[in-house]
Each structure stands twice: as structure tokens, then as C-alpha cells.
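Participant: Got structure_9.cif for you, mmCIF, C-alpha atoms:
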data_target
#
loop_
_atom_site.label_atom_id
_atom_site.label_comp_id
_atom_site.auth_asym_id
_atom_site.auth_seq_id
_atom_site.Cartn_x
_atom_site.Cartn_y
_atom_site.Cartn_z
CA MET A 18 129.43 126.86 61.85
CA GLN A 19 128.82 123.19 61.17
CA ASP A 20 130.95 122.35 64.22
CA ILE A 21 128.76 124.50 66.50
CA ALA A 22 125.60 122.86 65.11
CA LYS A 23 126.98 119.38 65.90
CA LYS A 24 127.89 120.44 69.44
CA LEU A 25 124.44 121.94 70.01
CA ASN A 26 122.81 118.78 68.65
CA VAL A 27 124.88 116.58 71.00
CA LEU A 28 124.14 118.90 73.94
CA ALA A 29 120.39 118.79 73.17
CA ASN A 30 120.41 114.98 72.94
CA VAL A 31 122.32 114.63 76.22
CA THR A 32 119.91 117.04 77.93
CA ILE A 33 116.90 115.08 76.67
CA ILE A 34 118.41 111.82 77.94
CA ILE A 35 119.20 113.29 81.37
CA VAL A 36 115.69 114.75 81.75
CA GLY A 37 114.18 111.41 80.68
CA VAL A 38 116.24 109.48 83.24
CA ILE A 39 115.24 111.93 85.99
CA ILE A 40 111.53 111.60 85.12
CA VAL A 41 111.71 107.80 85.08
CA ALA A 42 113.59 107.78 88.40
CA LEU A 43 110.96 110.02 90.02
CA LEU A 44 108.12 107.85 88.73
CA VAL A 45 109.80 104.66 89.98
CA LYS A 46 110.45 106.25 93.38
CA ARG A 47 106.87 107.47 93.66
CA GLN A 48 105.42 104.10 92.66
CA PHE A 49 107.61 101.77 94.70
CA PHE A 50 109.39 103.67 97.44
CA SER A 51 107.14 106.42 98.74
CA GLU A 52 105.06 106.04 101.88
CA PRO A 53 101.42 105.70 100.91
CA LYS A 54 99.38 108.77 101.71
CA PHE A 55 95.77 108.69 102.70
CA SER A 56 93.27 111.50 102.78
CA THR A 57 91.91 111.80 106.30
CA ASN A 58 92.53 115.28 107.67
CA ASN A 59 88.77 115.84 107.90
CA PHE A 60 88.88 113.58 110.96
CA GLN A 61 89.32 115.86 113.97
CA ILE A 62 89.02 115.08 117.66
CA GLY A 63 85.76 116.43 119.01
CA LYS A 64 84.07 116.57 115.58
CA ARG A 65 81.83 114.09 113.79
CA ALA A 66 83.66 111.62 111.56
CA PRO A 67 83.08 112.43 107.87
CA LEU A 68 81.90 108.97 106.83
CA LYS A 69 78.49 108.19 105.45
CA GLY A 70 76.59 105.00 106.11
CA VAL A 71 78.11 104.20 109.50
CA LYS A 72 75.53 103.13 112.08
CA TRP A 73 77.17 104.77 115.08
CA ASP A 74 74.56 103.80 117.65
CA GLN A 75 75.04 100.05 117.09
CA SER A 76 78.08 100.03 119.40
CA ASP A 77 79.65 102.09 122.18
CA GLN A 78 82.65 102.93 119.99
CA THR A 79 83.84 102.45 116.43
CA LEU A 80 87.53 101.86 115.76
CA PHE A 81 88.74 102.63 112.25
CA LEU A 82 91.94 101.08 110.92
CA VAL A 83 93.16 103.20 108.00
CA ILE A 84 95.40 100.93 105.93
CA THR A 85 96.52 100.03 102.44
CA GLU A 86 97.95 96.76 101.19
CA LYS A 87 101.25 98.30 100.02
CA CYS A 88 102.02 100.00 103.35
CA GLN A 89 104.94 98.36 105.18
CA PHE A 90 103.93 99.93 108.49
CA CYS A 91 100.42 98.52 108.10
CA THR A 92 101.92 95.07 107.61
CA SER A 93 104.21 95.39 110.62
CA SER A 94 101.20 96.51 112.71
CA LEU A 95 99.19 93.34 111.94
CA PRO A 96 99.87 91.66 115.32
CA PHE A 97 98.32 94.67 117.08
CA TYR A 98 95.35 94.65 114.69
CA ARG A 99 94.82 90.96 115.51
CA GLN A 100 94.89 91.84 119.21
CA LEU A 101 92.25 94.52 118.61
CA ALA A 102 90.02 92.06 116.72
CA GLU A 103 90.34 89.47 119.51
CA MET A 104 89.50 92.11 122.11
CA ARG A 105 86.48 93.15 120.08
CA ASP A 106 85.33 89.53 119.77
CA SER A 107 85.59 88.96 123.53
CA GLN A 108 84.05 92.25 124.68
CA ASN A 109 81.77 93.17 121.78
CA LYS A 110 81.81 96.81 122.98
CA PHE A 111 83.19 98.33 119.80
CA LYS A 112 82.90 97.96 116.07
CA LEU A 113 86.06 97.42 113.99
CA VAL A 114 86.03 99.04 110.54
CA VAL A 115 88.85 99.10 107.98
CA ILE A 116 89.17 102.14 105.73
CA THR A 117 91.25 101.63 102.60
CA THR A 118 91.93 103.30 99.27
CA ASP A 119 92.71 99.94 97.66
CA LYS A 120 90.62 99.68 94.50
CA GLY A 121 87.85 97.22 93.75
CA ASP A 122 87.88 94.07 95.83
CA GLU A 123 91.63 94.37 96.58
CA GLY A 124 91.07 95.79 100.07
CA LYS A 125 88.49 93.16 101.02
CA ARG A 126 90.58 90.34 99.59
CA TYR A 127 93.73 91.58 101.33
CA PHE A 128 92.13 91.94 104.75
CA ASN A 129 90.23 88.64 104.48
CA SER A 130 93.53 86.91 103.65
CA LEU A 131 94.97 88.15 106.96
CA GLY A 132 92.46 86.18 109.00
CA ILE A 133 91.47 89.16 111.13
CA SER A 134 87.76 89.48 111.76
CA ILE A 135 86.32 92.93 111.19
CA ASP A 136 82.82 94.33 110.99
CA GLU A 137 83.12 96.31 107.78
CA ILE A 138 85.49 97.52 105.07
CA LYS A 139 84.98 101.03 103.69
CA GLN A 140 86.69 101.76 100.42
CA VAL A 141 87.17 105.46 99.82
CA THR A 142 88.94 107.66 97.32
CA ASP A 143 91.87 109.86 98.32
CA LYS A 144 89.77 112.93 97.59
CA SER A 145 86.79 111.89 99.69
CA ILE A 146 88.25 112.48 103.13
CA GLY A 147 91.63 114.67 103.73
CA ILE A 148 96.21 113.65 104.55
CA VAL A 149 97.43 111.51 107.27
CA ARG A 150 100.06 108.83 107.31
CA VAL A 151 99.03 105.26 106.81
CA PRO A 152 98.42 103.41 109.04
CA SER A 153 96.11 105.43 111.24
CA ILE A 154 93.72 104.41 113.98
CA ILE A 155 90.68 106.58 114.56
CA LEU A 156 88.29 106.09 117.47
CA ALA A 157 84.74 107.49 117.46
CA ASN A 158 81.97 107.28 120.05
CA SER A 159 78.38 106.09 119.56
CA SER A 160 77.45 109.52 118.15
CA GLY A 161 80.22 109.47 115.53
CA ILE A 162 82.36 112.04 117.37
CA VAL A 163 86.09 111.35 116.98
CA THR A 164 87.65 110.78 120.40
CA GLY A 165 91.13 109.62 119.42
CA ILE A 166 93.54 109.59 116.47
CA TRP A 167 96.84 107.73 116.30
CA THR A 168 99.00 107.74 113.17
CA GLY A 169 101.92 105.71 111.94
CA LYS A 170 103.38 102.58 113.49
CA LEU A 171 102.38 102.77 117.14
CA THR A 172 104.78 102.42 120.03
CA SER A 173 103.89 100.00 122.83
CA VAL A 174 102.79 102.98 124.96
CA GLN A 175 100.43 104.15 122.21
CA GLU A 176 99.08 100.62 121.74
CA THR A 177 98.33 100.46 125.47
CA GLU A 178 96.57 103.81 125.23
CA VAL A 179 94.35 102.53 122.40
CA LEU A 180 93.54 99.36 124.36
CA ASP A 181 92.73 101.36 127.51
CA ARG A 182 90.45 103.67 125.53
CA LEU A 183 88.59 100.69 124.11
CA LYS A 184 88.11 99.31 127.61
CA GLY A 185 86.40 102.61 128.48
CA ALA A 186 89.26 104.30 130.32
CA GLY A 187 90.46 107.82 129.69
CA HIS A 188 89.14 110.87 127.98
CA LEU A 189 89.83 112.57 124.63
CA ALA A 190 93.12 111.29 123.24
CA LYS A 191 95.80 113.61 121.97
CA GLN A 192 96.15 113.63 118.23
CA GLN A 193 99.50 112.09 117.34
CA PRO A 194 101.81 114.01 114.96
#
Please, can you express the file's structure as C-alpha cells?
Facilitator:
Amino acid sequence: MQDIAKKLNVLANVTIIIVGVIIVALLVKRQFFSEPKFSTNNFQIGKRAPLKGVKWDQSDQTLFLVITEKCQFCTSSLPFYRQLAEMRDSQNKFKLVVITTDKGDEGKRYFNSLGISIDEIKQVTDKSIGIVRVPSIILANSSGIVTGIWTGKLTSVQETEVLDRLKGAGHLAKQQP
């Protein structure tokens, strides 16, 4: 009887250790290795963008860059974001707004450190707008109606499409998967 109790005690201890290791591994994976998620599924082509406080009529179009500091695809997309900012500076036909879930001044500090000029940074909570991959680019017209959505790291063809749309070419963009 005492032998069975020892075996059960060892089995229980081993089970507790295994469960603890699994929980720690999942937490580490979630914190450091998962792709950041961002709530934005309320943005739909043909519908008004769900953001408050945006003065839509101050420009022909508003381009939203949905990014977070910890997103590797956001970082690898920085050359394209610089190109967008330079285009905006030379044409002044669209407003460039960054949307981020980074807390406090982190988002502002991060984007200012990149040396890319933007018009505004909107910090939102995950729950305030819906789920799309980060980075995302969302284009809205002067009435706040979403006319294009691109998600993830863009291909050169997609980048050209965004640039053409900002120059006034094209019609409603297809929503990227």
C-alpha cells in the first residue's frame, strides 16, 4: 500500500511539472513569437471607417498604417512607408495616419524615431475596432468611406496598387486576404 502511495505521489509531481512547463512554454511563445494581432475587422470596403475624431474633409484621401512596434513585418515595410510619406509631402493630396495599439507614448515615440513624417497617430485598444494582420493599410475617401484594404507585408504589385490609388487611379480595391 505504501508503495502505491509513493508511485502516485511521484506521478502527481511529474504531472504538475509537465503541466507547468507547457504553460510557461505557451506564455513565452505568445509573448515573443506570435504575430501581433490587431482589431480592425470593422473596417469594410464601401462602409464608413469606425474611427472618431478624424476630419475626413481636410484631404481627398486618408491612408491609415496599422502597425505595432513589435511587428517584424511592420519593420520590414518601413521603406515603403517612407515612400508613402514622401509622396504625401510632395502631393499633399492625402493624409497619413498611423493606428497602433502600443500603449502610452510608445507608439508616438517609436514612429517619431523612424523619421517618417505623418499627420497623426491614433492609439486604440484591441477591443475598440475588430482582427486583421499587422501591418495593414487602409484607404478612405474624403467622406470616411473605406476604398481599399491591404494586409500583411505587401508585394511589389500591391505596393504599386496602393501608390496608384493615392495618385487617384483606379476604383474600389479588393480586400486582401
Participant: When distances are computed from all atoms listed in the file, which of A:Ser93, A:Ser159, A:Gln19, A:Thr117 shows the smallest separation from Glu137 (chain A)?
Facilitator: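 Residue with the minimum atom-to-atom distance to Glu137 (chain A): A:Thr117.
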Participant: I'd like to know which of A:Leu28, A:Leu80, A:Leu95, A:Ile116 is closest to Arg182 (chain A), using all atoms listed in the file.
Facilitator: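 Among the listed residues, the smallest separation from Arg182 (chain A) belongs to A:Leu80.
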Participant: Quick one: which residues end up in the PyMOL selection byres ((chain A and resi 135) around 7) for this structure, as a VMD selection string?
Facilitator: chain A and resid 102 113 to 114 133 to 134 136 to 137
Participant: Could you jot down the CA of Ile162 (chain A) to CA of Gln61 (chain A) separation for me, Å, one decimal place?
Facilitator: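 Calculated distance between CA of Ile162 (chain A) and CA of Gln61 (chain A) is 8.6 Å.
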Participant: Check the smallest atom-to-atom distance from each of A:Ser160, A:Thr118, A:Asn109, A:Ser173 to Lys72 (chain A) using all atoms listed in the file, then report the winner.
Facilitator: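 Distance minimum relative to Lys72 (chain A) lands on A:Ser160.
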Participant: Mind rebuilding region 118-138 of chain A with N, CA and C atoms and writing that out as a PDB file, in the coordinates of the input?
Facilitator:
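Result written to selection.pdb:
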ATOM      1  N   THR A 118      92.057 102.728 100.612  1.00  0.00           N
ATOM      2  CA  THR A 118      91.930 103.300  99.270  1.00  0.00           C
ATOM      3  C   THR A 118      92.198 102.244  98.208  1.00  0.00           C
ATOM      4  N   ASP A 119      92.484 101.009  98.628  1.00  0.00           N
ATOM      5  CA  ASP A 119      92.710  99.940  97.660  1.00  0.00           C
ATOM      6  C   ASP A 119      91.490  99.834  96.765  1.00  0.00           C
ATOM      7  N   LYS A 120      91.710  99.656  95.490  1.00  0.00           N
ATOM      8  CA  LYS A 120      90.620  99.680  94.500  1.00  0.00           C
ATOM      9  C   LYS A 120      89.899  98.342  94.396  1.00  0.00           C
ATOM     10  N   GLY A 121      88.651  98.408  93.986  1.00  0.00           N
ATOM     11  CA  GLY A 121      87.850  97.220  93.750  1.00  0.00           C
ATOM     12  C   GLY A 121      87.772  96.321  94.957  1.00  0.00           C
ATOM     13  N   ASP A 122      87.942  95.035  94.747  1.00  0.00           N
ATOM     14  CA  ASP A 122      87.880  94.070  95.830  1.00  0.00           C
ATOM     15  C   ASP A 122      89.246  93.831  96.486  1.00  0.00           C
ATOM     16  N   GLU A 123      90.274  94.571  96.044  1.00  0.00           N
ATOM     17  CA  GLU A 123      91.630  94.370  96.580  1.00  0.00           C
ATOM     18  C   GLU A 123      91.667  94.496  98.101  1.00  0.00           C
ATOM     19  N   GLY A 124      91.053  95.547  98.626  1.00  0.00           N
ATOM     20  CA  GLY A 124      91.070  95.790 100.070  1.00  0.00           C
ATOM     21  C   GLY A 124      90.386  94.670 100.833  1.00  0.00           C
ATOM     22  N   LYS A 125      89.230  94.243 100.358  1.00  0.00           N
ATOM     23  CA  LYS A 125      88.490  93.160 101.020  1.00  0.00           C
ATOM     24  C   LYS A 125      89.285  91.860 100.950  1.00  0.00           C
ATOM     25  N   ARG A 126      89.805  91.574  99.772  1.00  0.00           N
ATOM     26  CA  ARG A 126      90.580  90.340  99.590  1.00  0.00           C
ATOM     27  C   ARG A 126      91.814  90.330 100.477  1.00  0.00           C
ATOM     28  N   TYR A 127      92.519  91.470 100.520  1.00  0.00           N
ATOM     29  CA  TYR A 127      93.730  91.580 101.330  1.00  0.00           C
ATOM     30  C   TYR A 127      93.405  91.352 102.800  1.00  0.00           C
ATOM     31  N   PHE A 128      92.415  92.043 103.317  1.00  0.00           N
ATOM     32  CA  PHE A 128      92.130  91.940 104.750  1.00  0.00           C
ATOM     33  C   PHE A 128      91.562  90.572 105.094  1.00  0.00           C
ATOM     34  N   ASN A 129      90.741  89.994 104.241  1.00  0.00           N
ATOM     35  CA  ASN A 129      90.230  88.640 104.480  1.00  0.00           C
ATOM     36  C   ASN A 129      91.363  87.623 104.510  1.00  0.00           C
ATOM     37  N   SER A 130      92.401  87.842 103.691  1.00  0.00           N
ATOM     38  CA  SER A 130      93.530  86.910 103.650  1.00  0.00           C
ATOM     39  C   SER A 130      94.353  86.945 104.943  1.00  0.00           C
ATOM     40  N   LEU A 131      94.209  88.009 105.723  1.00  0.00           N
ATOM     41  CA  LEU A 131      94.970  88.150 106.960  1.00  0.00           C
ATOM     42  C   LEU A 131      94.362  87.357 108.107  1.00  0.00           C
ATOM     43  N   GLY A 132      93.123  86.947 107.953  1.00  0.00           N
ATOM     44  CA  GLY A 132      92.460  86.180 109.000  1.00  0.00           C
ATOM     45  C   GLY A 132      92.087  87.002 110.220  1.00  0.00           C
ATOM     46  N   ILE A 133      91.875  88.282 110.032  1.00  0.00           N
ATOM     47  CA  ILE A 133      91.470  89.160 111.130  1.00  0.00           C
ATOM     48  C   ILE A 133      89.998  89.505 110.924  1.00  0.00           C
ATOM     49  N   SER A 134      89.184  89.212 111.928  1.00  0.00           N
ATOM     50  CA  SER A 134      87.760  89.480 111.760  1.00  0.00           C
ATOM     51  C   SER A 134      87.472  90.963 112.002  1.00  0.00           C
ATOM     52  N   ILE A 135      86.725  91.529 111.078  1.00  0.00           N
ATOM     53  CA  ILE A 135      86.320  92.930 111.190  1.00  0.00           C
ATOM     54  C   ILE A 135      84.826  93.009 110.910  1.00  0.00           C
ATOM     55  N   ASP A 136      84.247  94.158 111.219  1.00  0.00           N
ATOM     56  CA  ASP A 136      82.820  94.330 110.990  1.00  0.00           C
ATOM     57  C   ASP A 136      82.516  94.849 109.590  1.00  0.00           C
ATOM     58  N   GLU A 137      83.412  95.654 109.047  1.00  0.00           N
ATOM     59  CA  GLU A 137      83.120  96.310 107.780  1.00  0.00           C
ATOM     60  C   GLU A 137      84.400  96.819 107.139  1.00  0.00           C
ATOM     61  N   ILE A 138      84.406  96.881 105.809  1.00  0.00           N
ATOM     62  CA  ILE A 138      85.490  97.520 105.070  1.00  0.00           C
ATOM     63  C   ILE A 138      84.878  98.667 104.283  1.00  0.00           C
TER      64      ILE A 138
END
